[in-house]
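The structure file query21.cif is reproduced below (mmCIF, C-alpha atoms).
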data_input
#
loop_
_atom_site.label_atom_id
_atom_site.label_comp_id
_atom_site.auth_asym_id
_atom_site.auth_seq_id
_atom_site.Cartn_x
_atom_site.Cartn_y
_atom_site.Cartn_z
CA MET Z 1 -82.51 143.81 -188.65
CA GLY Z 2 -85.56 142.15 -190.24
CA LEU Z 3 -85.83 138.60 -191.49
CA PHE Z 4 -84.90 139.44 -195.06
CA ASP Z 5 -82.29 142.11 -194.31
CA LYS Z 6 -78.72 141.87 -195.60
CA PRO Z 7 -75.72 141.83 -195.70
CA LYS Z 8 -74.92 138.25 -194.80
CA LYS Z 9 -73.17 137.64 -191.52
CA LYS Z 10 -69.45 136.83 -191.47
CA ASN Z 11 -69.51 134.32 -188.63
CA SER Z 12 -69.61 130.54 -188.96
CA ARG Z 13 -72.52 128.81 -190.61
CA ALA Z 14 -73.75 125.27 -191.07
CA VAL Z 15 -75.72 123.51 -193.79
CA VAL Z 16 -77.57 120.22 -193.22
CA VAL Z 17 -78.95 118.05 -196.03
CA GLY Z 18 -81.23 115.24 -194.88
CA LEU Z 19 -81.99 112.26 -197.14
CA ASP Z 20 -84.98 110.52 -195.62
CA GLY Z 21 -84.54 106.76 -195.34
CA VAL Z 22 -81.27 106.50 -197.25
CA PRO Z 23 -79.07 103.68 -195.89
CA TYR Z 24 -75.34 104.00 -195.35
CA THR Z 25 -74.80 100.69 -197.12
CA LEU Z 26 -76.68 101.89 -200.22
CA LEU Z 27 -74.65 105.09 -200.46
CA LYS Z 28 -71.43 103.16 -199.90
CA ASP Z 29 -72.37 100.87 -202.80
CA LEU Z 30 -73.36 103.72 -205.13
CA LYS Z 31 -70.18 105.59 -204.24
CA ALA Z 32 -68.02 102.57 -205.08
CA ARG Z 33 -69.77 102.28 -208.46
CA GLY Z 34 -69.23 105.96 -209.28
CA LEU Z 35 -72.95 106.75 -209.42
CA ILE Z 36 -73.04 109.61 -206.90
CA PRO Z 37 -70.00 111.76 -207.76
CA ASN Z 38 -71.11 114.84 -205.82
CA MET Z 39 -71.78 112.99 -202.60
CA ALA Z 40 -68.61 110.95 -203.09
CA THR Z 41 -66.59 114.18 -203.19
CA ILE Z 42 -68.29 115.40 -200.00
CA PHE Z 43 -67.79 112.08 -198.21
CA ASP Z 44 -64.13 111.77 -199.22
CA ALA Z 45 -63.35 115.25 -197.91
CA GLY Z 46 -64.63 114.57 -194.38
CA TYR Z 47 -66.35 111.94 -192.28
CA PHE Z 48 -68.85 109.44 -193.72
CA GLY Z 49 -70.15 106.63 -191.54
CA GLN Z 50 -72.97 104.46 -190.32
CA MET Z 51 -75.35 105.79 -187.65
CA SER Z 52 -78.02 104.21 -185.47
CA VAL Z 53 -81.37 105.87 -184.82
CA CYS Z 54 -84.29 105.61 -182.41
CA ILE Z 55 -86.49 102.60 -181.73
CA PRO Z 56 -89.02 102.34 -183.26
CA GLU Z 57 -87.18 103.45 -186.38
CA ILE Z 58 -89.79 105.74 -187.94
CA SER Z 59 -89.47 109.22 -189.38
CA SER Z 60 -91.73 111.12 -186.98
CA VAL Z 61 -89.76 109.88 -183.99
CA SER Z 62 -86.34 109.93 -185.61
CA TRP Z 63 -86.50 113.47 -186.97
CA SER Z 64 -87.98 114.65 -183.64
CA SER Z 65 -84.98 113.04 -181.94
CA PHE Z 66 -82.62 114.75 -184.39
CA MET Z 67 -84.07 118.22 -183.96
CA THR Z 68 -84.22 118.00 -180.15
CA GLY Z 69 -81.30 115.68 -179.35
CA THR Z 70 -83.64 113.74 -177.03
CA GLN Z 71 -85.59 110.48 -177.01
CA SER Z 72 -89.35 110.02 -176.84
CA GLY Z 73 -89.59 110.16 -173.05
CA GLU Z 74 -88.33 113.73 -173.28
CA HIS Z 75 -89.77 115.02 -176.57
CA GLY Z 76 -93.11 113.17 -176.28
CA ILE Z 77 -93.43 111.68 -179.80
CA PHE Z 78 -93.61 107.87 -179.76
CA GLY Z 79 -95.02 107.07 -183.22
CA PHE Z 80 -96.97 108.32 -186.24
CA MET Z 81 -100.07 107.63 -184.15
CA ASP Z 82 -100.17 107.96 -180.36
CA LEU Z 83 -102.79 107.43 -177.67
CA GLN Z 84 -104.59 110.13 -175.76
CA PRO Z 85 -103.69 109.53 -172.09
CA GLY Z 86 -106.13 107.30 -170.24
CA THR Z 87 -107.98 106.24 -173.41
CA TYR Z 88 -107.72 104.06 -176.51
CA LYS Z 89 -108.32 107.09 -178.71
CA MET Z 90 -105.62 107.60 -181.29
CA TYR Z 91 -104.32 110.91 -182.53
CA PHE Z 92 -101.75 111.99 -185.06
CA PRO Z 93 -99.02 113.84 -183.12
CA ASN Z 94 -97.73 116.94 -184.86
CA PHE Z 95 -95.32 119.80 -184.18
CA THR Z 96 -97.57 121.22 -181.45
CA ASN Z 97 -97.09 117.97 -179.49
CA LEU Z 98 -93.28 118.18 -179.48
CA ARG Z 99 -92.31 118.85 -175.86
CA ALA Z 100 -88.58 119.57 -176.15
CA PRO Z 101 -86.80 122.57 -177.71
CA THR Z 102 -85.35 122.19 -181.20
CA LEU Z 103 -81.84 123.07 -182.27
CA TRP Z 104 -83.20 126.19 -183.98
CA ASP Z 105 -84.86 127.21 -180.72
CA GLU Z 106 -81.44 127.02 -179.09
CA LEU Z 107 -79.90 129.05 -181.89
CA ALA Z 108 -82.65 131.67 -181.59
CA SER Z 109 -81.71 132.14 -177.93
CA ARG Z 110 -78.25 133.07 -179.21
CA GLY Z 111 -79.64 135.58 -181.70
CA LYS Z 112 -79.16 133.28 -184.73
CA LYS Z 113 -81.52 132.46 -187.60
CA THR Z 114 -82.36 129.10 -189.16
CA VAL Z 115 -83.98 128.07 -192.43
CA VAL Z 116 -85.76 124.70 -192.36
CA ILE Z 117 -87.19 123.21 -195.57
CA ASN Z 118 -89.24 120.01 -195.66
CA MET Z 119 -88.36 118.68 -192.20
CA PRO Z 120 -90.85 115.91 -191.31
CA ALA Z 121 -92.81 116.28 -188.06
CA THR Z 122 -92.78 120.11 -188.16
CA TYR Z 123 -96.42 120.66 -189.20
CA PRO Z 124 -98.17 122.95 -188.54
CA ALA Z 125 -95.39 125.49 -188.90
CA ARG Z 126 -94.78 127.67 -185.88
CA GLU Z 127 -92.88 130.89 -185.47
CA ILE Z 128 -89.11 130.49 -185.53
CA SER Z 129 -86.18 132.87 -185.84
CA GLY Z 130 -85.80 132.43 -189.58
CA ALA Z 131 -88.08 130.48 -191.90
CA LEU Z 132 -89.80 127.11 -191.74
CA VAL Z 133 -91.47 125.13 -194.55
CA SER Z 134 -92.97 122.01 -192.97
CA GLY Z 135 -92.52 118.54 -194.42
CA PHE Z 136 -94.40 115.26 -194.10
CA VAL Z 137 -97.17 115.07 -193.10
CA ALA Z 138 -98.09 118.65 -193.98
CA ILE Z 139 -101.64 118.83 -195.29
CA ASP Z 140 -102.13 122.49 -196.16
CA ILE Z 141 -99.33 124.75 -197.38
CA ASN Z 142 -101.13 127.70 -195.80
CA LYS Z 143 -100.41 126.14 -192.39
CA ALA Z 144 -97.00 124.76 -193.37
CA VAL Z 145 -95.01 127.97 -193.79
CA TYR Z 146 -93.54 130.60 -191.49
CA PRO Z 147 -93.43 133.52 -192.09
CA HIS Z 148 -96.73 133.63 -193.96
CA SER Z 149 -95.30 136.22 -196.35
CA LEU Z 150 -93.43 133.35 -198.05
CA ILE Z 151 -96.60 131.48 -198.99
CA PRO Z 152 -97.45 133.44 -202.19
CA ARG Z 153 -93.86 133.09 -203.44
CA LEU Z 154 -93.83 129.34 -202.80
CA LYS Z 155 -97.19 128.93 -204.50
CA GLN Z 156 -95.95 130.96 -207.47
CA MET Z 157 -92.99 128.61 -207.91
CA GLU Z 158 -95.40 125.63 -207.58
CA TYR Z 159 -93.74 124.30 -204.46
CA ARG Z 160 -94.62 120.69 -203.60
CA ILE Z 161 -94.61 119.36 -200.05
CA ASP Z 162 -94.60 115.67 -201.00
CA VAL Z 163 -95.41 113.20 -203.75
CA ASP Z 164 -98.92 111.81 -204.04
CA THR Z 165 -98.11 108.64 -202.11
CA MET Z 166 -101.47 106.91 -202.61
CA LYS Z 167 -101.30 107.23 -206.38
CA ALA Z 168 -97.54 106.64 -206.51
CA ARG Z 169 -97.68 103.25 -204.79
CA GLU Z 170 -100.11 102.03 -207.49
CA ASP Z 171 -98.59 103.75 -210.54
CA HIS Z 172 -94.80 103.66 -210.59
CA ASP Z 173 -94.48 105.64 -213.83
CA PHE Z 174 -96.38 108.40 -212.05
CA LEU Z 175 -94.11 107.96 -209.01
CA PHE Z 176 -91.00 108.91 -210.95
CA ARG Z 177 -92.68 111.87 -212.63
CA ASP Z 178 -93.92 113.10 -209.26
CA LEU Z 179 -90.52 112.56 -207.62
CA ASP Z 180 -88.88 114.72 -210.28
CA VAL Z 181 -91.44 117.51 -209.95
CA THR Z 182 -91.17 117.52 -206.16
CA LEU Z 183 -87.36 117.52 -206.14
CA ALA Z 184 -87.27 120.39 -208.64
CA SER Z 185 -89.60 122.43 -206.45
CA ARG Z 186 -87.39 121.70 -203.43
CA GLU Z 187 -84.42 123.09 -205.35
CA ARG Z 188 -86.34 126.28 -206.20
CA ALA Z 189 -87.23 126.75 -202.53
CA VAL Z 190 -83.56 126.37 -201.55
CA GLY Z 191 -82.62 129.10 -204.03
CA LEU Z 192 -85.30 131.45 -202.68
CA LEU Z 193 -84.52 131.10 -198.98
CA TRP Z 194 -80.74 130.81 -199.38
CA GLU Z 195 -80.56 134.23 -200.96
CA ASP Z 196 -83.29 136.10 -199.14
CA ILE Z 197 -82.69 135.23 -195.48
CA ASP Z 198 -79.70 136.10 -193.32
CA TRP Z 199 -79.37 132.59 -191.89
CA ASP Z 200 -76.83 130.85 -189.67
CA LEU Z 201 -78.14 127.29 -190.10
CA PHE Z 202 -79.75 126.01 -193.29
CA ILE Z 203 -81.56 122.64 -193.29
CA VAL Z 204 -83.23 120.93 -196.26
CA VAL Z 205 -84.62 117.39 -196.31
CA VAL Z 206 -85.40 115.21 -199.33
CA THR Z 207 -88.23 112.76 -198.58
CA GLY Z 208 -88.71 111.35 -202.07
CA THR Z 209 -85.94 108.87 -201.31
CA ASP Z 210 -88.07 107.27 -198.58
CA ARG Z 211 -91.05 106.97 -200.93
CA LEU Z 212 -88.94 105.37 -203.64
CA MET Z 213 -87.56 102.74 -201.29
CA HIS Z 214 -90.91 101.85 -199.74
CA PHE Z 215 -92.47 101.28 -203.16
CA LEU Z 216 -89.53 100.01 -205.23
CA TRP Z 217 -86.66 98.78 -203.04
CA GLU Z 218 -86.53 95.57 -205.07
CA ALA Z 219 -85.79 97.66 -208.17
CA PHE Z 220 -82.47 98.61 -206.60
CA GLU Z 221 -81.51 95.03 -205.80
CA GLN Z 222 -82.63 93.47 -209.09
CA GLU Z 223 -80.78 94.66 -212.19
CA THR Z 224 -83.44 93.06 -214.41
CA HIS Z 225 -86.26 94.94 -212.68
CA THR Z 226 -88.35 97.17 -214.96
CA TYR Z 227 -87.55 100.21 -212.85
CA HIS Z 228 -83.94 99.44 -211.93
CA GLN Z 229 -82.47 102.19 -214.10
CA ALA Z 230 -85.18 104.66 -213.14
CA PHE Z 231 -84.35 103.98 -209.48
CA LEU Z 232 -80.68 104.75 -210.08
CA ASP Z 233 -81.50 107.77 -212.24
CA TYR Z 234 -83.56 109.34 -209.45
CA LEU Z 235 -80.71 108.86 -206.97
CA LYS Z 236 -78.41 110.52 -209.50
CA LYS Z 237 -80.81 113.47 -209.55
CA VAL Z 238 -80.71 113.59 -205.76
CA ASP Z 239 -76.92 113.55 -206.00
CA ALA Z 240 -77.07 116.50 -208.42
CA PHE Z 241 -79.37 118.33 -205.99
CA VAL Z 242 -76.91 117.74 -203.14
CA GLY Z 243 -74.09 118.92 -205.40
CA LYS Z 244 -75.86 122.20 -206.10
CA VAL Z 245 -76.49 122.83 -202.41
CA HIS Z 246 -72.84 122.04 -201.70
CA GLU Z 247 -71.70 124.46 -204.43
CA ARG Z 248 -73.73 127.19 -202.75
CA PHE Z 249 -72.10 126.24 -199.46
CA LEU Z 250 -68.59 126.48 -200.93
CA ASP Z 251 -69.40 129.96 -202.23
CA LEU Z 252 -70.14 131.19 -198.69
CA GLU Z 253 -67.46 133.36 -197.19
CA GLY Z 254 -65.33 131.23 -194.90
CA SER Z 255 -66.27 127.82 -196.31
CA LYS Z 256 -62.96 127.30 -198.08
CA GLU Z 257 -61.18 128.17 -194.82
CA SER Z 258 -63.29 125.54 -192.96
CA LYS Z 259 -65.06 128.19 -190.87
CA ASN Z 260 -68.40 126.76 -192.04
CA ASN Z 261 -69.63 123.17 -191.84
CA PHE Z 262 -71.58 120.92 -194.18
CA TYR Z 263 -73.52 117.94 -192.79
CA MET Z 264 -75.60 115.15 -194.26
CA LEU Z 265 -77.67 112.48 -192.56
CA SER Z 266 -80.63 110.12 -192.82
CA ASP Z 267 -83.26 109.24 -190.24
CA HIS Z 268 -83.16 105.44 -190.75
CA GLY Z 269 -82.00 102.82 -193.20
CA PHE Z 270 -83.93 100.51 -195.53
CA THR Z 271 -84.09 96.87 -196.54
CA LYS Z 272 -86.44 94.59 -198.48
CA ILE Z 273 -89.55 93.16 -196.87
CA LYS Z 274 -89.76 89.39 -196.56
CA THR Z 275 -93.14 89.56 -194.86
CA GLU Z 276 -95.23 91.92 -192.79
CA VAL Z 277 -95.95 90.80 -189.22
CA TYR Z 278 -99.26 91.79 -187.64
CA LEU Z 279 -98.71 92.05 -183.90
CA ASN Z 280 -102.34 92.51 -182.95
CA ARG Z 281 -103.26 89.31 -184.76
CA TRP Z 282 -100.55 87.48 -182.81
CA LEU Z 283 -101.94 88.95 -179.58
CA GLN Z 284 -105.43 87.79 -180.56
CA GLU Z 285 -104.33 84.28 -181.42
CA ASN Z 286 -102.49 83.97 -178.12
CA GLY Z 287 -105.41 85.17 -176.01
CA TYR Z 288 -104.07 88.60 -175.08
CA LEU Z 289 -106.41 90.77 -177.17
CA LYS Z 290 -110.17 90.82 -177.76
CA PHE Z 291 -112.33 93.17 -179.82
CA ASN Z 292 -115.90 94.33 -179.23
CA LYS Z 293 -116.92 93.68 -182.83
CA GLU Z 294 -116.35 90.96 -185.42
CA GLN Z 295 -114.64 93.33 -187.86
CA PRO Z 296 -112.60 95.87 -185.84
CA GLU Z 297 -111.48 99.03 -187.60
CA THR Z 298 -108.85 100.29 -185.15
CA ILE Z 299 -107.50 99.54 -181.70
CA MET Z 300 -110.30 101.78 -180.40
CA ASP Z 301 -112.55 98.74 -180.91
CA ILE Z 302 -110.73 96.87 -178.13
CA GLY Z 303 -112.96 94.62 -176.03
CA SER Z 304 -113.11 93.74 -172.34
CA GLY Z 305 -110.79 91.00 -171.16
CA SER Z 306 -107.81 92.25 -173.19
CA THR Z 307 -104.37 91.95 -171.63
CA ALA Z 308 -102.35 93.86 -174.24
CA PHE Z 309 -102.59 95.65 -177.59
CA ALA Z 310 -100.17 96.97 -180.21
CA MET Z 311 -99.67 100.28 -181.99
CA ASP Z 312 -97.73 100.83 -185.22
CA PRO Z 313 -95.13 99.89 -185.93
CA SER Z 314 -93.78 97.77 -183.06
CA ARG Z 315 -95.18 99.08 -179.78
CA VAL Z 316 -96.96 96.83 -177.29
CA TYR Z 317 -99.05 98.25 -174.43
CA VAL Z 318 -100.12 96.35 -171.30
CA ASN Z 319 -103.82 96.96 -170.63
CA LEU Z 320 -103.40 98.10 -167.02
CA LYS Z 321 -106.22 98.65 -164.56
CA GLY Z 322 -106.48 102.30 -163.64
CA LYS Z 323 -104.65 103.40 -166.80
CA TYR Z 324 -107.13 102.34 -169.49
CA PRO Z 325 -110.95 102.23 -169.38
CA LEU Z 326 -111.07 98.45 -169.96
CA GLY Z 327 -107.83 97.67 -168.15
CA THR Z 328 -107.61 94.10 -166.84
CA VAL Z 329 -104.01 93.71 -165.66
CA ASP Z 330 -103.43 94.38 -161.99
CA PRO Z 331 -100.33 96.58 -161.46
CA ALA Z 332 -98.96 93.81 -159.21
CA ASP Z 333 -98.93 91.50 -162.27
CA TYR Z 334 -97.40 94.04 -164.65
CA GLU Z 335 -93.85 92.67 -164.71
CA GLN Z 336 -95.05 89.09 -165.05
CA VAL Z 337 -97.22 90.05 -168.05
CA ARG Z 338 -94.37 91.92 -169.70
CA GLU Z 339 -92.04 88.96 -169.29
CA GLU Z 340 -94.68 86.64 -170.69
CA LEU Z 341 -95.25 88.85 -173.73
CA LYS Z 342 -91.52 89.18 -174.29
CA GLU Z 343 -90.97 85.43 -174.12
CA GLY Z 344 -93.84 84.74 -176.49
CA LEU Z 345 -92.81 87.30 -179.09
CA GLN Z 346 -89.19 86.19 -178.97
CA SER Z 347 -90.31 82.69 -179.94
CA LEU Z 348 -92.26 83.91 -183.00
CA THR Z 349 -90.98 82.28 -186.20
CA PHE Z 350 -91.77 82.64 -189.89
CA GLU Z 351 -92.39 79.49 -191.93
CA GLY Z 352 -91.56 77.43 -188.89
CA SER Z 353 -87.89 78.27 -188.54
CA GLU Z 354 -86.82 81.89 -189.04
CA LYS Z 355 -86.82 84.08 -185.95
CA VAL Z 356 -88.79 87.28 -186.45
CA VAL Z 357 -87.59 89.23 -183.42
CA ASN Z 358 -84.09 90.59 -182.95
CA ARG Z 359 -84.65 92.15 -179.53
CA ILE Z 360 -87.45 93.31 -177.27
CA TYR Z 361 -87.03 96.37 -175.07
CA PHE Z 362 -88.93 97.29 -171.94
CA LYS Z 363 -89.81 100.97 -171.97
CA GLU Z 364 -87.31 101.92 -169.27
CA GLU Z 365 -84.51 100.56 -171.48
CA LEU Z 366 -85.36 103.08 -174.20
CA TYR Z 367 -87.05 106.03 -172.53
CA GLN Z 368 -86.41 108.46 -169.73
CA GLY Z 369 -87.90 111.80 -168.81
CA PRO Z 370 -91.28 113.26 -167.94
CA HIS Z 371 -93.29 111.60 -170.73
CA VAL Z 372 -92.29 107.96 -170.25
CA GLY Z 373 -95.81 107.19 -169.03
CA MET Z 374 -97.18 107.94 -172.51
CA GLY Z 375 -94.95 105.33 -174.08
CA PRO Z 376 -95.38 101.64 -174.87
CA ASP Z 377 -94.52 98.98 -172.32
CA LEU Z 378 -92.52 96.93 -174.80
CA VAL Z 379 -90.94 97.82 -178.13
CA VAL Z 380 -90.04 95.10 -180.61
CA LEU Z 381 -87.00 95.35 -182.90
CA ALA Z 382 -87.33 92.87 -185.75
CA HIS Z 383 -84.70 91.14 -187.82
CA TYR Z 384 -84.23 92.56 -191.31
CA GLY Z 385 -87.12 91.65 -193.59
CA TYR Z 386 -89.83 91.41 -190.94
CA ASP Z 387 -91.95 94.57 -191.13
CA LEU Z 388 -93.90 94.89 -187.88
CA LYS Z 389 -97.41 96.34 -188.13
CA ALA Z 390 -100.34 96.90 -185.75
CA LYS Z 391 -103.05 96.23 -188.33
CA VAL Z 392 -106.26 94.92 -186.71
CA LYS Z 393 -108.11 93.65 -189.79
CA SER Z 394 -105.71 90.86 -190.70
CA LYS Z 395 -106.84 87.27 -190.23
CA GLU Z 396 -103.25 86.00 -190.29
CA VAL Z 397 -100.07 86.92 -188.42
CA PHE Z 398 -98.06 87.17 -191.64
CA GLY Z 399 -98.98 88.89 -194.91
CA ARG Z 400 -97.99 91.37 -197.61
CA THR Z 401 -99.17 94.68 -199.04
CA ASN Z 402 -97.79 96.63 -201.99
CA LEU Z 403 -94.90 97.99 -199.90
CA VAL Z 404 -91.60 96.23 -200.68
CA GLY Z 405 -89.14 98.17 -198.47
CA MET Z 406 -88.98 98.59 -194.68
CA HIS Z 407 -87.03 100.77 -192.25
CA THR Z 408 -83.90 99.62 -190.43
CA GLN Z 409 -82.54 101.03 -187.17
CA ASN Z 410 -78.77 100.62 -187.52
CA ASP Z 411 -78.04 101.63 -191.13
CA ALA Z 412 -78.64 105.37 -191.30
CA PHE Z 413 -75.69 107.58 -192.27
CA PHE Z 414 -73.96 110.73 -191.12
CA ALA Z 415 -71.45 112.88 -192.98
CA SER Z 416 -69.47 115.91 -191.82
CA SER Z 417 -67.12 118.26 -193.65
CA ALA Z 418 -65.35 118.85 -190.33
CA ASN Z 419 -64.51 115.13 -190.11
CA VAL Z 420 -66.60 114.80 -186.94
CA SER Z 421 -68.14 111.36 -186.44
CA CYS Z 422 -71.66 110.70 -185.17
CA LYS Z 423 -72.77 107.19 -184.24
CA SER Z 424 -76.27 108.03 -182.96
CA ILE Z 425 -78.91 110.41 -184.24
CA PHE Z 426 -79.35 111.66 -180.67
CA ASP Z 427 -75.88 113.25 -180.88
CA ALA Z 428 -76.26 115.01 -184.24
CA ARG Z 429 -78.03 118.09 -182.83
CA ASN Z 430 -75.22 118.90 -180.39
CA ILE Z 431 -72.54 118.34 -183.02
CA ILE Z 432 -74.21 120.91 -185.24
CA LEU Z 433 -74.79 123.37 -182.41
CA LYS Z 434 -71.17 123.09 -181.28
CA SER Z 435 -69.99 124.06 -184.75
CA LEU Z 436 -72.05 127.26 -184.55
CA THR Z 437 -70.75 128.57 -181.22
#
Produce C-alpha cells that represent the structure in this file.
Amino acid sequence: MGLFDKPKKKNSRAVVVGLDGVPYTLLKDLKARGLIPNMATIFDAGYFGQMSVCIPEISSVSWSSFMTGTQSGEHGIFGFMDLQPGTYKMYFPNFTNLRAPTLWDELASRGKKTVVINMPATYPAREISGALVSGFVAIDINKAVYPHSLIPRLKQMEYRIDVDTMKAREDHDFLFRDLDVTLASRERAVGLLWEDIDWDLFIVVVTGTDRLMHFLWEAFEQETHTYHQAFLDYLKKVDAFVGKVHERFLDLEGSKESKNNFYMLSDHGFTKIKTEVYLNRWLQENGYLKFNKEQPETIMDIGSGSTAFAMDPSRVYVNLKGKYPLGTVDPADYEQVREELKEGLQSLTFEGSEKVVNRIYFKEELYQGPHVGMGPDLVVLAHYGYDLKAKVKSKEVFGRTNLVGMHTQNDAFFASSANVSCKSIFDARNIILKSLT
C-alpha cells in the first residue's frame, strides 16, 4: 500500500496533542473556572497530572527528549545553540543532529505510519513512514515537509509554520491576529493529513501558546491588563482546536471501546520573569571569563586566560586545556574549578537577599551515553522568576528585555485517555509506544 492508500486500519491508534509551554497549574486553574470545557472533559475522563522535563528546560531539548525517550547524552541536543567539538564555534542543532531514534522510527520498524505536524526540532524534514511537517525553527516550508508532494497542498491552504515572533513581541495586537491565523492553518493541516494518510500515530503540536506566554504572561496574572481577555480568548480557541481533534479521535473505529488512546502534553511550564540573569557577566565580574575585544558579540570572542564560559540558557563550560583552543584549566584542577563555580553561583543573590539558584548539576548527574562529552560541565536550575541567559553584551548581571515569561522545569503536564500517569517527559515515548503494540 502507498502512503495515501485506504481503507483505514482496524488496529489500535494513538493521537498526541502537544501544547508548547503550557503549565499544568495554568490548565488546572482554567479548568476550575470553566474556561476550557473541551480539555476539561478529556482530563476528567482519564489521567491529568503534573510532569517534569529536562534540564535545561527548553523546547529543542525537551521535544527531542520526548520523541526519543532519552536525555541529551544519548540524543545529542543540549540547547538551541551548541558548540562544535574542540572549538568555540556555535551552531544551531537541527533534526540532522539528533542521534537517537524517534518513536516514529520505532513504529516504522513495526510497519506502522505516523503523521507529525509542527513538532519543534524536526527541521529539516527527513523521510519517515508517514508524513512530517516540521515545526520551530523551520525556515523554509520547502525543506520542512515530507513527502514533498504535500507542499503544494499546504501552500494552497496557506499553511503557517509559526507566528512572526520578532514583530509579535513588539506589536501585541499583531500577535493575536497572527496567533489566530497560525492556529487556523494548523487545523486545516490536521484535516488534510487525518483523512488522506493511513496512520497509526497522529501528533500535532501548538506552539502559539509558548509565544503568548513569553510575550504576555503578565496578561494572564493581571485581570486589569489590557490583553487579559485576549489572552484567555486565545486559550479558548486552543481549547476549541483540541476539542475538534478529540472529536475526530472519538469518530475513529475502536475509540469508544478504548482500543485507541488520546494523549496531551507540554514540553515545559511557564512563570513570570522577575529579572534576567546574565551568567557570562557574572563570570566576567568574578574573574572567570575574558574577551578578546571590548564589545564581544558572542562567546566566540572569548579571550585567553578564561576559566569558564556560559551558553544559553543555563549551561556553564570549564575551559579545559586540550579540549578548547584557549583552554587554561588543567584536567587535574577540573573538579576543584567545578566546585568553585558551583559554590559561587549558589551564593548569587538578587537585590542583596533573594537566592537566584535552586540547584546546580554536574553533567554526570544529568547526562549519560556516548555524547556526554559535548555537554556542559555544570547546568544551573534557577528559582522561579530568574531567567538565566548567556548574553555577552550586558554590562550588568541582572536586567530585563521585552520578554515577561520564562520556562519552568517541573510544571509541564501530561494527560492520557487510558488513565496512565507520566511523571517525566522521558517516559512519555514508551507509554505511547506501549499503547500501539
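Interatomic distance, atom CA of Z:Ser314 against atom CA of Z:Ala390: 7.1 Å.
The neighbours of Z:Asp200 here are the residues that come within 7 Å of it, using only C-alpha atoms and leaving out any residue fewer than 6 positions away in the same chain; they are Arg13, Ala14, Lys112, Lys113 and Thr114 of chain Z.
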Filtering to C-alpha atoms, could you give me those residues as a compact mmCIF listing (two decimals), in the frame of the given file?
# COMPACT_ATOMS: atom_id res chain seq x y z
CA ARG Z 13 -72.52 128.81 -190.61
CA ALA Z 14 -73.75 125.27 -191.07
CA LYS Z 112 -79.16 133.28 -184.73
CA LYS Z 113 -81.52 132.46 -187.60
CA THR Z 114 -82.36 129.10 -189.16
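The shortest atom-to-atom distance to Z:Tyr234, with only C-alpha atoms taken into account, belongs to Z:Asp180 out of Z:Glu339, Z:Glu351, Z:Glu158, Z:Asp180.
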- Message: For the provided coordinates, the residues matched by the PyMOL selection byres ((chain Z and resi 394) around 12) should be stated as an NGL selection string.
- Response: :Z and (276-285 or 294-298 or 389-393 or 395-401)
- Selection under test: the PyMOL selection byres ((chain Z and resi 87) around 8); residues as a list in words: Leu83, Gln84, Pro85, Gly86, Tyr88, Lys89, Lys323, Tyr324 and Pro325 of chain Z
- For each of Z:Leu216, Z:Trp199, Z:Ile151, Z:Leu378, take the minimum atom-to-atom distance to Z:Ala310, counting all atoms listed in the file, then give the residue where this is smallest.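 Of Z:Leu216, Z:Trp199, Z:Ile151, Z:Leu378, the one nearest Z:Ala310 is Z:Leu378, counting all atoms listed in the file.
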Shell of 9 Å around stretch 219-231 of chain Z, all atoms listed in the file, local chain residues under 5 positions omitted, as a CSV table (one decimal) with C-alpha atoms, in the frame of the given file:
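Full text of part.csv as output:
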chain,number,residue,atom,x,y,z
Z,172,HIS,CA,-94.8,103.7,-210.6
Z,173,ASP,CA,-94.5,105.6,-213.8
Z,176,PHE,CA,-91.0,108.9,-211.0
Z,212,LEU,CA,-88.9,105.4,-203.6
Z,213,MET,CA,-87.6,102.7,-201.3
Z,236,LYS,CA,-78.4,110.5,-209.5
Z,272,LYS,CA,-86.4,94.6,-198.5
- Query: Once the PyMOL selection byres ((chain Z and resi 237) around 12) has been applied to the shown file, what residues remain in the selection, as a PyMOL selection string?
  - Reply: chain Z and resi 35-39+176+179-184+187+206+208-209+230-236+238-244
